[in-house]
file structure-v4.tsv (TSV, C-alpha atoms)
chain	number	residue	atom	x	y	z
A	1	MET	CA	19.86	0.16	-16.42
A	2	PHE	CA	16.79	2.21	-17.21
A	3	ARG	CA	13.76	0.94	-15.34
A	4	PHE	CA	10.52	1.19	-17.28
A	5	PRO	CA	7.47	2.43	-15.36
A	6	LYS	CA	5.09	-0.28	-14.26
A	7	PHE	CA	1.62	-0.08	-15.73
A	8	ASP	CA	-1.53	-0.76	-13.70
A	9	PHE	CA	-3.69	-2.85	-16.06
A	10	SER	CA	-6.47	-2.90	-13.45
A	11	LYS	CA	-7.38	0.66	-14.43
A	12	VAL	CA	-7.75	-0.05	-18.16
A	13	ASP	CA	-11.27	0.35	-19.54
A	14	VAL	CA	-11.47	-2.65	-21.86
A	15	SER	CA	-14.65	-1.39	-23.48
A	16	LYS	CA	-12.78	1.58	-24.92
A	17	PHE	CA	-9.92	-0.46	-26.34
A	18	ASP	CA	-10.15	-0.96	-30.10
A	19	PRO	CA	-7.06	-2.59	-31.58
A	20	SER	CA	-8.37	-1.93	-35.08
A	21	LYS	CA	-7.63	1.76	-34.60
A	22	PHE	CA	-3.87	1.18	-34.51
A	23	ASP	CA	-2.27	3.00	-37.43
A	24	LEU	CA	1.24	2.25	-38.53
A	25	PRO	CA	3.03	5.05	-40.39
A	26	PRO	CA	4.79	4.20	-43.64
A	27	ARG	CA	8.29	3.04	-42.77
A	28	ALA	CA	11.13	1.50	-44.71
A	29	GLY	CA	8.96	1.18	-47.81
A	30	LEU	CA	6.22	-0.80	-46.03
A	31	ASN	CA	2.85	0.87	-46.48
A	32	PRO	CA	-0.19	-0.97	-45.04
A	33	ASP	CA	-2.17	0.13	-48.08
A	34	ALA	CA	0.39	-1.18	-50.51
A	35	SER	CA	0.41	-4.60	-52.09
A	36	GLY	CA	3.07	-7.25	-52.31
A	37	PRO	CA	4.70	-9.85	-50.03
A	38	GLY	CA	6.03	-7.28	-47.57
A	39	ALA	CA	2.64	-5.65	-47.09
A	40	ASP	CA	0.97	-9.06	-46.73
A	41	ARG	CA	3.40	-10.07	-43.99
A	42	LEU	CA	2.89	-6.77	-42.20
A	43	ALA	CA	-0.90	-7.12	-42.39
A	44	GLU	CA	-0.68	-10.67	-41.00
A	45	ARG	CA	1.52	-9.55	-38.12
A	46	MET	CA	-0.79	-6.66	-37.31
A	47	ALA	CA	-3.77	-9.02	-37.31
A	48	ARG	CA	-1.99	-11.36	-34.87
A	49	PHE	CA	-1.05	-8.41	-32.71
A	50	GLN	CA	-4.65	-7.17	-32.62
A	51	ARG	CA	-5.98	-10.61	-31.69
A	52	ALA	CA	-3.40	-11.00	-28.94
A	53	GLN	CA	-4.20	-7.58	-27.51
A	54	THR	CA	-7.93	-8.28	-27.52
A	55	GLU	CA	-7.45	-11.68	-25.83
A	56	THR	CA	-5.10	-10.21	-23.21
A	57	PHE	CA	-7.45	-7.44	-22.19
A	58	ALA	CA	-10.36	-9.87	-22.12
A	59	LYS	CA	-8.42	-11.99	-19.64
A	60	TRP	CA	-7.83	-8.96	-17.41
A	61	ALA	CA	-11.54	-8.19	-17.53
A	62	GLN	CA	-12.38	-11.77	-16.57
A	63	THR	CA	-9.86	-11.72	-13.74
A	64	TYR	CA	-11.48	-8.67	-12.20
A	65	GLY	CA	-15.06	-9.90	-12.50
A	66	ARG	CA	-16.79	-12.54	-10.38
A	67	PRO	CA	-20.38	-13.79	-10.21
A	68	GLY	CA	-22.60	-11.67	-8.03
A	69	ALA	CA	-20.21	-8.72	-7.82
A	70	ALA	CA	-21.04	-5.23	-8.96
A	71	LEU	CA	-19.07	-4.42	-12.08
A	72	GLY	CA	-17.51	-1.26	-13.37
A	73	PRO	CA	-18.07	0.28	-16.78
A	74	ALA	CA	-15.84	-2.22	-18.53
A	75	GLY	CA	-17.39	-5.28	-16.89
A	76	ARG	CA	-14.62	-5.38	-14.29
A	77	GLU	CA	-15.22	-5.78	-10.61
A	78	THR	CA	-14.34	-2.48	-9.01
A	79	ILE	CA	-11.15	-2.45	-6.95
A	80	LEU	CA	-11.84	-0.32	-3.91
A	81	ASP	CA	-14.86	-1.29	-1.86
A	82	MET	CA	-15.41	2.08	-0.20
A	83	GLU	CA	-17.80	4.76	-1.42
A	84	ALA	CA	-16.26	8.18	-2.02
A	85	PRO	CA	-17.57	11.09	0.09
A	86	GLU	CA	-20.50	12.97	-1.39
A	87	ALA	CA	-19.05	16.33	-0.36
A	88	PRO	CA	-15.52	17.64	0.30
A	89	GLY	CA	-14.38	16.61	3.76
A	90	GLY	CA	-16.92	13.80	4.03
A	91	ALA	CA	-16.10	10.25	5.10
A	92	TRP	CA	-15.30	7.31	2.86
A	93	THR	CA	-17.95	4.75	3.78
A	94	ALA	CA	-18.74	1.10	3.16
A	95	PRO	CA	-21.65	0.30	0.84
A	96	ARG	CA	-24.99	0.09	2.64
A	97	PRO	CA	-26.36	-3.44	3.16
A	98	GLY	CA	-28.43	-4.70	0.27
A	99	GLN	CA	-26.89	-2.36	-2.27
A	100	GLY	CA	-24.00	-4.60	-3.23
A	101	ARG	CA	-20.68	-3.15	-4.09
A	102	ALA	CA	-20.50	0.47	-5.08
A	103	ALA	CA	-19.06	1.37	-8.42
A	104	GLU	CA	-15.62	2.86	-8.13
A	105	PRO	CA	-15.49	6.55	-8.98
A	106	GLU	CA	-13.55	7.20	-12.14
A	107	LEU	CA	-10.05	8.47	-11.46
A	108	ASP	CA	-8.94	11.57	-13.28
A	109	LEU	CA	-5.72	10.21	-14.73
A	110	SER	CA	-4.68	13.62	-16.03
A	111	ALA	CA	-4.94	14.96	-12.48
A	112	LEU	CA	-2.93	12.02	-11.19
A	113	MET	CA	-0.24	12.75	-13.74
A	114	ARG	CA	-0.07	16.28	-12.36
A	115	GLY	CA	0.49	14.84	-8.89
A	116	ARG	CA	-2.81	15.86	-7.34
A	117	PRO	CA	-4.09	13.68	-4.49
A	118	ALA	CA	-6.98	11.32	-5.27
A	119	ALA	CA	-9.06	12.90	-2.51
A	120	ARG	CA	-9.97	16.33	-3.81
A	121	GLY	CA	-11.10	19.26	-1.76
A	122	ARG	CA	-9.00	18.31	1.27
A	123	SER	CA	-7.30	21.01	3.25
A	124	PRO	CA	-3.54	20.78	3.92
A	125	VAL	CA	-2.45	18.81	6.97
A	126	PRO	CA	-2.48	21.21	9.93
A	127	VAL	CA	0.87	21.80	11.64
A	128	PRO	CA	0.84	23.14	15.21
A	129	PRO	CA	3.18	25.97	16.26
A	130	GLY	CA	6.74	24.80	16.70
A	131	ALA	CA	6.24	21.61	14.69
A	132	ARG	CA	7.41	20.95	11.12
A	133	PHE	CA	6.02	18.88	8.25
A	134	GLU	CA	8.54	19.18	5.46
A	135	GLU	CA	9.34	17.52	2.16
A	136	ARG	CA	12.68	15.92	1.36
A	137	VAL	CA	14.17	13.87	-1.48
A	138	PHE	CA	16.21	10.75	-0.81
A	139	THR	CA	18.63	9.50	-3.46
A	140	GLY	CA	20.52	6.25	-3.21
A	141	ALA	CA	21.83	3.36	-5.25
A	142	ALA	CA	18.29	2.07	-5.87
A	143	GLY	CA	17.00	5.42	-7.12
A	144	SER	CA	15.24	8.35	-5.47
A	145	ARG	CA	11.93	9.07	-3.78
A	146	ARG	CA	10.33	12.10	-2.21
A	147	TYR	CA	9.15	11.89	1.36
A	148	LYS	CA	7.71	14.07	4.07
A	149	VAL	CA	8.84	14.13	7.68
A	150	TYR	CA	6.90	15.33	10.70
A	151	VAL	CA	8.97	16.78	13.53
A	152	PRO	CA	6.93	17.45	16.68
A	153	SER	CA	7.18	20.73	18.55
A	154	GLY	CA	8.64	18.86	21.53
A	155	TYR	CA	11.77	17.91	19.61
A	156	THR	CA	14.84	19.58	21.09
A	157	GLY	CA	17.55	17.34	19.67
A	158	GLN	CA	16.84	14.26	21.78
A	159	ALA	CA	16.84	10.77	20.25
A	160	LEU	CA	13.25	10.07	19.24
A	161	PRO	CA	11.51	6.97	17.86
A	162	LEU	CA	10.62	7.00	14.15
A	163	VAL	CA	7.48	5.61	12.52
A	164	VAL	CA	7.66	5.14	8.74
A	165	MET	CA	4.16	5.36	7.20
A	166	LEU	CA	3.57	3.75	3.79
A	167	HIS	CA	0.48	4.96	1.95
A	168	GLY	CA	-1.84	2.88	-0.22
A	169	CYS	CA	-2.61	3.15	-3.93
A	170	THR	CA	-3.71	6.60	-5.23
A	171	GLN	CA	-2.71	8.17	-1.91
A	172	ASN	CA	0.17	10.49	-1.03
A	173	PRO	CA	1.89	11.55	2.22
A	174	ASP	CA	-0.51	14.41	2.98
A	175	ASP	CA	-3.59	12.28	2.35
A	176	PHE	CA	-2.23	9.41	4.44
A	177	ALA	CA	-1.18	11.70	7.28
A	178	ALA	CA	-4.64	13.29	7.33
A	179	GLY	CA	-6.42	9.95	7.34
A	180	THR	CA	-4.31	8.12	9.92
A	181	GLN	CA	-3.79	11.15	12.18
A	182	MET	CA	-0.33	9.82	13.01
A	183	ASN	CA	1.04	13.38	13.16
A	184	THR	CA	-1.43	14.20	15.91
A	185	LEU	CA	-0.16	11.23	17.93
A	186	ALA	CA	3.44	12.26	17.20
A	187	GLU	CA	2.76	15.73	18.55
A	188	ALA	CA	1.15	14.33	21.70
A	189	GLN	CA	3.78	11.62	22.38
A	190	THR	CA	6.86	13.21	20.75
A	191	PHE	CA	8.17	10.95	18.01
A	192	LEU	CA	9.17	11.39	14.36
A	193	VAL	CA	7.05	10.30	11.39
A	194	ALA	CA	8.29	9.77	7.83
A	195	TYR	CA	5.98	9.36	4.83
A	196	PRO	CA	7.75	7.99	1.73
A	197	ALA	CA	5.92	8.89	-1.49
A	198	GLN	CA	5.66	6.37	-4.28
A	199	ALA	CA	6.46	7.92	-7.66
A	200	GLN	CA	4.09	7.70	-10.60
A	201	SER	CA	7.07	6.77	-12.74
A	202	ALA	CA	7.24	3.58	-10.66
A	203	HIS	CA	3.50	2.87	-10.67
A	204	MET	CA	0.73	4.78	-12.43
A	205	GLN	CA	-1.57	4.67	-9.37
A	206	ARG	CA	1.29	5.23	-6.89
A	207	CYS	CA	1.08	1.69	-5.49
A	208	TRP	CA	4.18	0.20	-3.91
A	209	ASN	CA	5.26	-2.70	-6.12
A	210	TRP	CA	4.92	-5.38	-3.44
A	211	TYR	CA	4.26	-8.11	-6.04
A	212	ALA	CA	7.44	-7.51	-8.08
A	213	ALA	CA	10.25	-9.92	-7.33
A	214	GLY	CA	12.85	-7.14	-7.59
A	215	ASP	CA	11.03	-5.17	-4.90
A	216	GLN	CA	10.96	-8.02	-2.40
A	217	ALA	CA	14.71	-8.15	-1.85
A	218	ARG	CA	17.03	-6.29	0.46
A	219	GLU	CA	19.14	-4.76	-2.27
A	220	GLY	CA	18.22	-2.77	-5.36
A	221	GLY	CA	14.48	-2.18	-5.04
A	222	GLU	CA	11.87	-0.30	-3.08
A	223	PRO	CA	12.78	-1.86	0.29
A	224	GLU	CA	16.25	-0.36	-0.07
A	225	LEU	CA	14.74	3.03	-0.90
A	226	ILE	CA	12.41	2.97	2.12
A	227	ALA	CA	15.18	1.79	4.43
A	228	GLY	CA	17.35	4.59	3.05
A	229	ILE	CA	14.67	7.16	3.85
A	230	ALA	CA	14.43	5.83	7.41
A	231	ARG	CA	18.19	6.11	7.85
A	232	ALA	CA	18.23	9.61	6.36
A	233	VAL	CA	15.59	10.83	8.82
A	234	MET	CA	17.42	9.20	11.73
A	235	ALA	CA	20.68	10.85	10.69
A	236	GLU	CA	19.14	14.31	10.18
A	237	PHE	CA	17.29	14.35	13.49
A	238	SER	CA	19.53	12.09	15.61
A	239	GLY	CA	16.76	9.55	16.06
A	240	ASP	CA	16.91	6.49	18.27
A	241	PRO	CA	18.28	3.65	16.07
A	242	THR	CA	16.72	0.99	18.29
A	243	ARG	CA	13.16	2.31	17.86
A	244	VAL	CA	12.39	2.46	14.13
A	245	TYR	CA	8.99	1.11	13.00
A	246	ALA	CA	7.02	0.78	9.76
A	247	ALA	CA	3.29	0.69	9.08
A	248	GLY	CA	1.23	0.75	5.91
A	249	LEU	CA	-2.17	0.35	4.30
A	250	SER	CA	-2.95	-2.07	1.47
A	251	ALA	CA	0.03	-1.95	-0.94
A	252	GLY	CA	1.82	0.04	1.78
A	253	GLY	CA	0.97	-2.69	4.29
A	254	ALA	CA	2.44	-5.29	1.95
A	255	ALA	CA	5.56	-3.11	1.66
A	256	ALA	CA	5.80	-3.01	5.47
A	257	ALA	CA	5.63	-6.82	5.56
A	258	ILE	CA	8.49	-6.90	3.04
A	259	LEU	CA	10.53	-4.60	5.28
A	260	ALA	CA	10.08	-7.04	8.17
A	261	ALA	CA	11.43	-9.83	5.97
A	262	THR	CA	14.32	-7.86	4.44
A	263	TYR	CA	15.39	-5.39	7.16
A	264	PRO	CA	14.80	-7.04	10.56
A	265	ASP	CA	17.97	-5.31	11.78
A	266	LEU	CA	16.48	-1.89	11.09
A	267	PHE	CA	12.79	-2.13	12.01
A	268	ALA	CA	11.93	-3.08	15.58
A	269	ALA	CA	8.26	-3.78	14.74
A	270	VAL	CA	5.84	-3.44	11.82
A	271	GLY	CA	2.13	-2.83	11.34
A	272	ILE	CA	0.20	-4.18	8.34
A	273	HIS	CA	-3.29	-2.83	7.68
A	274	SER	CA	-5.26	-4.61	4.93
A	275	GLY	CA	-2.03	-5.85	3.39
A	276	LEU	CA	-0.32	-9.04	2.21
A	277	ALA	CA	2.65	-11.15	3.20
A	278	CYS	CA	6.07	-10.84	1.61
A	279	GLY	CA	6.19	-13.18	-1.38
A	280	ALA	CA	2.41	-13.62	-1.61
A	281	ALA	CA	2.89	-12.88	-5.32
A	282	ARG	CA	5.85	-12.57	-7.66
A	283	ASP	CA	4.16	-10.92	-10.63
A	284	LEU	CA	0.97	-9.05	-11.54
A	285	PRO	CA	-1.24	-12.08	-12.29
A	286	GLY	CA	-0.11	-13.58	-8.98
A	287	ALA	CA	-0.97	-10.30	-7.25
A	288	LEU	CA	-4.53	-10.42	-8.57
A	289	ALA	CA	-4.88	-13.98	-7.29
A	290	ALA	CA	-3.38	-13.11	-3.90
A	291	MET	CA	-5.75	-10.17	-3.47
A	292	LYS	CA	-8.62	-12.63	-3.98
A	293	GLY	CA	-7.31	-14.90	-1.22
A	294	GLN	CA	-5.28	-17.24	-3.42
A	295	ALA	CA	-1.79	-16.18	-2.41
A	296	GLY	CA	1.14	-18.40	-3.18
A	297	PRO	CA	3.12	-20.12	-0.42
A	298	THR	CA	5.27	-17.80	1.68
A	299	ARG	CA	8.24	-18.42	3.92
A	300	THR	CA	8.37	-17.75	7.62
A	301	ASN	CA	10.71	-14.84	8.28
A	302	ARG	CA	14.20	-15.96	9.23
A	303	GLN	CA	14.30	-13.38	11.99
A	304	ALA	CA	11.06	-12.70	13.83
A	305	VAL	CA	9.92	-9.06	13.87
A	306	PRO	CA	7.04	-8.11	16.20
A	307	THR	CA	3.97	-7.64	13.99
A	308	ILE	CA	0.52	-6.10	14.43
A	309	VAL	CA	-2.18	-6.69	11.80
A	310	PHE	CA	-5.52	-4.98	11.11
A	311	HIS	CA	-7.88	-6.39	8.49
A	312	GLY	CA	-11.60	-6.15	7.82
A	313	ASP	CA	-13.43	-9.41	7.17
A	314	GLY	CA	-15.61	-7.47	4.72
A	315	ASP	CA	-12.59	-6.39	2.65
A	316	ARG	CA	-13.30	-7.12	-1.01
A	317	THR	CA	-10.09	-5.57	-2.27
A	318	VAL	CA	-7.55	-7.64	-0.29
A	319	HIS	CA	-9.11	-10.85	1.01
A	320	PRO	CA	-8.89	-11.15	4.83
A	321	ALA	CA	-7.10	-14.49	4.48
A	322	ASN	CA	-4.02	-12.40	3.73
A	323	GLY	CA	-4.02	-11.07	7.29
A	324	ASP	CA	-3.72	-14.63	8.57
A	325	GLN	CA	-0.87	-15.26	6.16
A	326	VAL	CA	0.98	-12.17	7.40
A	327	MET	CA	0.72	-13.45	10.96
A	328	ALA	CA	1.90	-16.91	9.93
A	329	GLN	CA	4.89	-15.38	8.17
A	330	ALA	CA	5.82	-13.43	11.30
A	331	GLY	CA	6.51	-16.80	12.93
A	332	ALA	CA	5.20	-18.36	16.12
A	333	ALA	CA	8.07	-18.45	18.58
A	334	PRO	CA	7.86	-21.29	21.13
A	335	GLY	CA	6.41	-20.45	24.51
A	336	LEU	CA	4.00	-17.73	23.38
A	337	THR	CA	0.71	-17.47	25.21
A	338	GLU	CA	-2.42	-16.50	23.28
A	339	THR	CA	-5.45	-14.55	24.41
A	340	VAL	CA	-8.52	-13.78	22.30
A	341	THR	CA	-10.98	-11.01	23.14
A	342	ARG	CA	-14.09	-9.76	21.38
A	343	ASP	CA	-15.49	-6.27	21.69
A	344	THR	CA	-17.13	-3.43	19.79
A	345	SER	CA	-15.62	-0.03	19.06
A	346	PRO	CA	-17.44	3.14	20.19
A	347	GLY	CA	-18.40	3.61	16.54
A	348	GLY	CA	-20.11	0.24	16.38
A	349	ILE	CA	-17.55	-1.97	14.60
A	350	ALA	CA	-17.25	-5.38	16.26
A	351	TYR	CA	-13.81	-6.96	16.29
A	352	THR	CA	-11.83	-9.97	17.45
A	353	ARG	CA	-8.38	-9.26	18.87
A	354	THR	CA	-5.77	-12.00	19.22
A	355	ILE	CA	-2.59	-11.29	21.19
A	356	ARG	CA	0.43	-13.58	21.53
A	357	ARG	CA	2.80	-12.69	24.36
A	358	ASP	CA	6.30	-13.82	25.23
A	359	ALA	CA	7.39	-15.15	28.61
A	360	GLY	CA	7.73	-11.61	29.91
A	361	GLY	CA	4.13	-10.76	29.02
A	362	ARG	CA	5.07	-8.48	26.13
A	363	PRO	CA	2.85	-8.73	23.01
A	364	VAL	CA	4.95	-9.86	20.04
A	365	GLN	CA	2.07	-10.60	17.67
A	366	GLU	CA	-1.30	-8.86	17.62
A	367	GLN	CA	-4.14	-9.36	15.14
A	368	TRP	CA	-7.34	-7.35	14.86
A	369	LEU	CA	-10.13	-8.81	12.70
A	370	LEU	CA	-12.72	-6.10	12.07
A	371	HIS	CA	-16.16	-7.59	11.45
A	372	GLY	CA	-17.97	-6.03	8.51
A	373	ALA	CA	-15.22	-3.48	7.81
A	374	GLY	CA	-13.88	-2.96	4.30
A	375	HIS	CA	-10.62	-1.82	2.77
A	376	ALA	CA	-9.94	1.23	4.93
A	377	TRP	CA	-7.80	2.45	7.84
A	378	SER	CA	-9.68	1.63	11.03
A	379	GLY	CA	-10.45	4.58	13.28
A	380	GLY	CA	-9.08	7.02	10.72
A	381	SER	CA	-10.25	10.53	10.00
A	382	PRO	CA	-12.55	11.41	7.07
A	383	ALA	CA	-10.02	14.15	6.28
A	384	GLY	CA	-8.11	11.43	4.42
A	385	SER	CA	-9.17	8.82	1.88
A	386	TYR	CA	-9.98	5.17	2.57
A	387	THR	CA	-10.67	5.44	6.28
A	388	GLU	CA	-13.28	3.80	8.51
A	389	PRO	CA	-13.86	6.31	11.33
A	390	ARG	CA	-16.21	3.94	13.17
A	391	GLY	CA	-13.55	1.29	13.77
A	392	PRO	CA	-11.09	0.91	16.64
A	393	ASP	CA	-8.15	3.32	16.41
A	394	ALA	CA	-5.50	1.44	14.43
A	395	SER	CA	-2.96	4.28	14.67
A	396	ARG	CA	-3.12	4.39	18.45
A	397	ALA	CA	-3.03	0.60	18.77
A	398	MET	CA	-0.04	0.32	16.43
A	399	LEU	CA	1.86	3.03	18.28
A	400	ARG	CA	1.26	1.32	21.64
A	401	PHE	CA	2.49	-1.96	20.14
A	402	PHE	CA	5.52	-0.34	18.51
A	403	LEU	CA	6.75	1.48	21.59
A	404	SER	CA	6.79	-1.77	23.58
A	405	HIS	CA	9.59	-3.01	21.31
A	406	ALA	CA	13.17	-1.92	20.71
A	407	LEU	CA	16.13	-3.53	19.00
A	408	GLU	CA	19.14	-4.53	20.96
A	409	PRO	CA	21.75	-1.73	20.66
A	410	ARG	CA	24.17	-3.39	18.27
A	411	GLY	CA	25.52	-3.08	14.75
A	412	ARG	CA	22.95	-1.97	12.21
A	413	ALA	CA	22.55	-2.50	8.48
call {"tool": "encode", "arguments": {"input": "structure-v4.tsv", "output": "structure tokens"}}
result
Amino acid sequence: MFRFPKFDFSKVDVSKFDPSKFDLPPRAGLNPDASGPGADRLAERMARFQRAQTETFAKWAQTYGRPGAALGPAGRETILDMEAPEAPGGAWTAPRPGQGRAAEPELDLSALMRGRPAARGRSPVPVPPGARFEERVFTGAAGSRRYKVYVPSGYTGQALPLVVMLHGCTQNPDDFAAGTQMNTLAEAQTFLVAYPAQAQSAHMQRCWNWYAAGDQAREGGEPELIAGIARAVMAEFSGDPTRVYAAGLSAGGAAAAILAATYPDLFAAVGIHSGLACGAARDLPGALAAMKGQAGPTRTNRQAVPTIVFHGDGDRTVHPANGDQVMAQAGAAPGLTETVTRDTSPGGIAYTRTIRRDAGGRPVQEQWLLHGAGHAWSGGSPAGSYTEPRGPDASRAMLRFFLSHALEPRGRA
């Protein structure tokens, strides 16, 4: 069945919407300017349609606004709470204290439709001699997606771990690779990295559809596509099937949480940065509520997957309560010991780190709460969008956590 593209109503400028400008061409003898019963019925239906459209968009505007928040041009609260760099190559930064929330820069939708990254002026991701960063297309029963794969120069055919990196809204594989610097770690520690790319035909702003019920199941949706990409990379490069991991930011983090719930036999551990739990929402209105900290009830995963979470307590895009819900969904196995430490990163971001270890001392759950940080990848590079370079290095911490876990060598999905 044909799958219609999902529309991101959060980007609609309500102030520019004028239902009265809808023109209906003459059809089947019904002319809006004509008289008679048929024309009267058509006029009445058009009037109802216009009222419904106006009321619907007003509700979206109200959903996005809240008292005391800075509002965008349509009276909507802006979605991303990071200020864009003032010059190419600059850092995405949090609003300065006392200024309130910065207005979101207007996205050039025509540029997005041409597939350009949201962060303009960025140089291509550097690839060291002997390494490869190549694009592929995966096609399966659930559809097809492009992806990029990084193969380090130290690869000589040996079975390597794989980290699947899931970008956030408006991002793409190159942007996400530049911001997280995961390729640099892969080159230093010799592992594979795959970057699935969300298609604009699936979401106008290239968000993973974490809130859609059909994309929260094992079969037939985006989880199946991402799992298929992971398997394709493992098959092409003879990767280690016991050491496959997934990490993501925002919508990508929510997608990683869904993978933990739907493919625990494929992913040995997951990392969720500024994301949401699987099932936190089942439709778009529920997604808006969940992002504000009003997520619906979620189930504990039937099979526990080691999980590491990063979330800023100053995040005004995805409420930090969602990080707690992700950890609760991961499940608290009996016998875990918990340690809590507080420290400050070299860049000046204070954080609280909670680790739960099994009887063997191995961390199976790890949560970083970043004090004052917003909706951005902690410790990331300003070469990519939505990064907080001052924070602790989330990429390095996730990799350390991942490599301490492996699946038992048994039958796979």
call {"tool": "closest_residue", "arguments": {"input": "structure-v4.tsv", "among": "A:Pro173, A:Gly380, A:Pro392, A:Gly220", "to": "Pro196 of chain A", "atoms": "only C-alpha atoms"}}
result
A:Pro173
call {"tool": "residues_around", "arguments": {"input": "structure-v4.tsv", "residues": "Arg353 of chain A", "least_positions_apart": "3", "cutoff": "10 Å", "atoms": "only C-alpha atoms", "output": "PDB file with C-alpha atoms, in the coordinates of the input"}}
result
ATOM      1  CA  VAL A 309      -2.180  -6.690  11.800  1.00  0.00           C
ATOM      2  CA  PHE A 310      -5.520  -4.980  11.110  1.00  0.00           C
ATOM      3  CA  THR A 339      -5.450 -14.550  24.410  1.00  0.00           C
ATOM      4  CA  VAL A 340      -8.520 -13.780  22.300  1.00  0.00           C
ATOM      5  CA  THR A 341     -10.980 -11.010  23.140  1.00  0.00           C
ATOM      6  CA  ARG A 342     -14.090  -9.760  21.380  1.00  0.00           C
ATOM      7  CA  ASP A 343     -15.490  -6.270  21.690  1.00  0.00           C
ATOM      8  CA  GLU A 366      -1.300  -8.860  17.620  1.00  0.00           C
ATOM      9  CA  GLN A 367      -4.140  -9.360  15.140  1.00  0.00           C
ATOM     10  CA  TRP A 368      -7.340  -7.350  14.860  1.00  0.00           C
ATOM     11  CA  LEU A 369     -10.130  -8.810  12.700  1.00  0.00           C
ATOM     12  CA  LEU A 370     -12.720  -6.100  12.070  1.00  0.00           C
TER      13      LEU A 370
END
call {"tool": "closest_residue", "arguments": {"input": "structure-v4.tsv", "among": "A:His371, A:His405, A:Arg132, A:His167", "to": "Tyr150 of chain A", "atoms": "all atoms listed in the file"}}
result
A:Arg132
call {"tool": "atom_distance", "arguments": {"input": "structure-v4.tsv", "atom1": "atom CA of Gln329 of chain A", "atom2": "atom CA of Val364 of chain A"}}
result
13.1 Å
call {"tool": "atom_distance", "arguments": {"input": "structure-v4.tsv", "atom1": "atom CA of Met291 of chain A", "atom2": "atom CA of Arg357 of chain A"}}
result
29.2 Å
call {"tool": "residues_near_point", "arguments": {"input": "structure-v4.tsv", "point": "(-7.4, -8.5, 4.1)", "cutoff": "8 Å", "atoms": "all atoms listed in the file", "output": "list of chain:residue names"}}
result
A:His273, A:Ser274, A:Gly275, A:Leu276, A:Met291, A:His311, A:Gly312, A:Asp313, A:Asp315, A:Arg316, A:Thr317, A:Val318, A:His319, A:Pro320, A:Ala321, A:Asn322, A:Gly323, A:His375
call {"tool": "residues_around", "arguments": {"input": "structure-v4.tsv", "residues": "Ala212 of chain A", "least_positions_apart": "3", "cutoff": "6 Å", "atoms": "only C-alpha atoms", "output": "list in words"}}
result
Asn209, Asp215, Arg282 and Asp283 of chain A
call {"tool": "write_last_selection", "arguments": {"input": "structure-v4.tsv", "atoms": "C-alpha atoms", "output": "PDB file, keeping the file's coordinate frame"}}
result
ATOM      1  CA  ASN A 209       5.260  -2.700  -6.120  1.00  0.00           C
ATOM      2  CA  ASP A 215      11.030  -5.170  -4.900  1.00  0.00           C
ATOM      3  CA  ARG A 282       5.850 -12.570  -7.660  1.00  0.00           C
ATOM      4  CA  ASP A 283       4.160 -10.920 -10.630  1.00  0.00           C
TER       5      ASP A 283
END
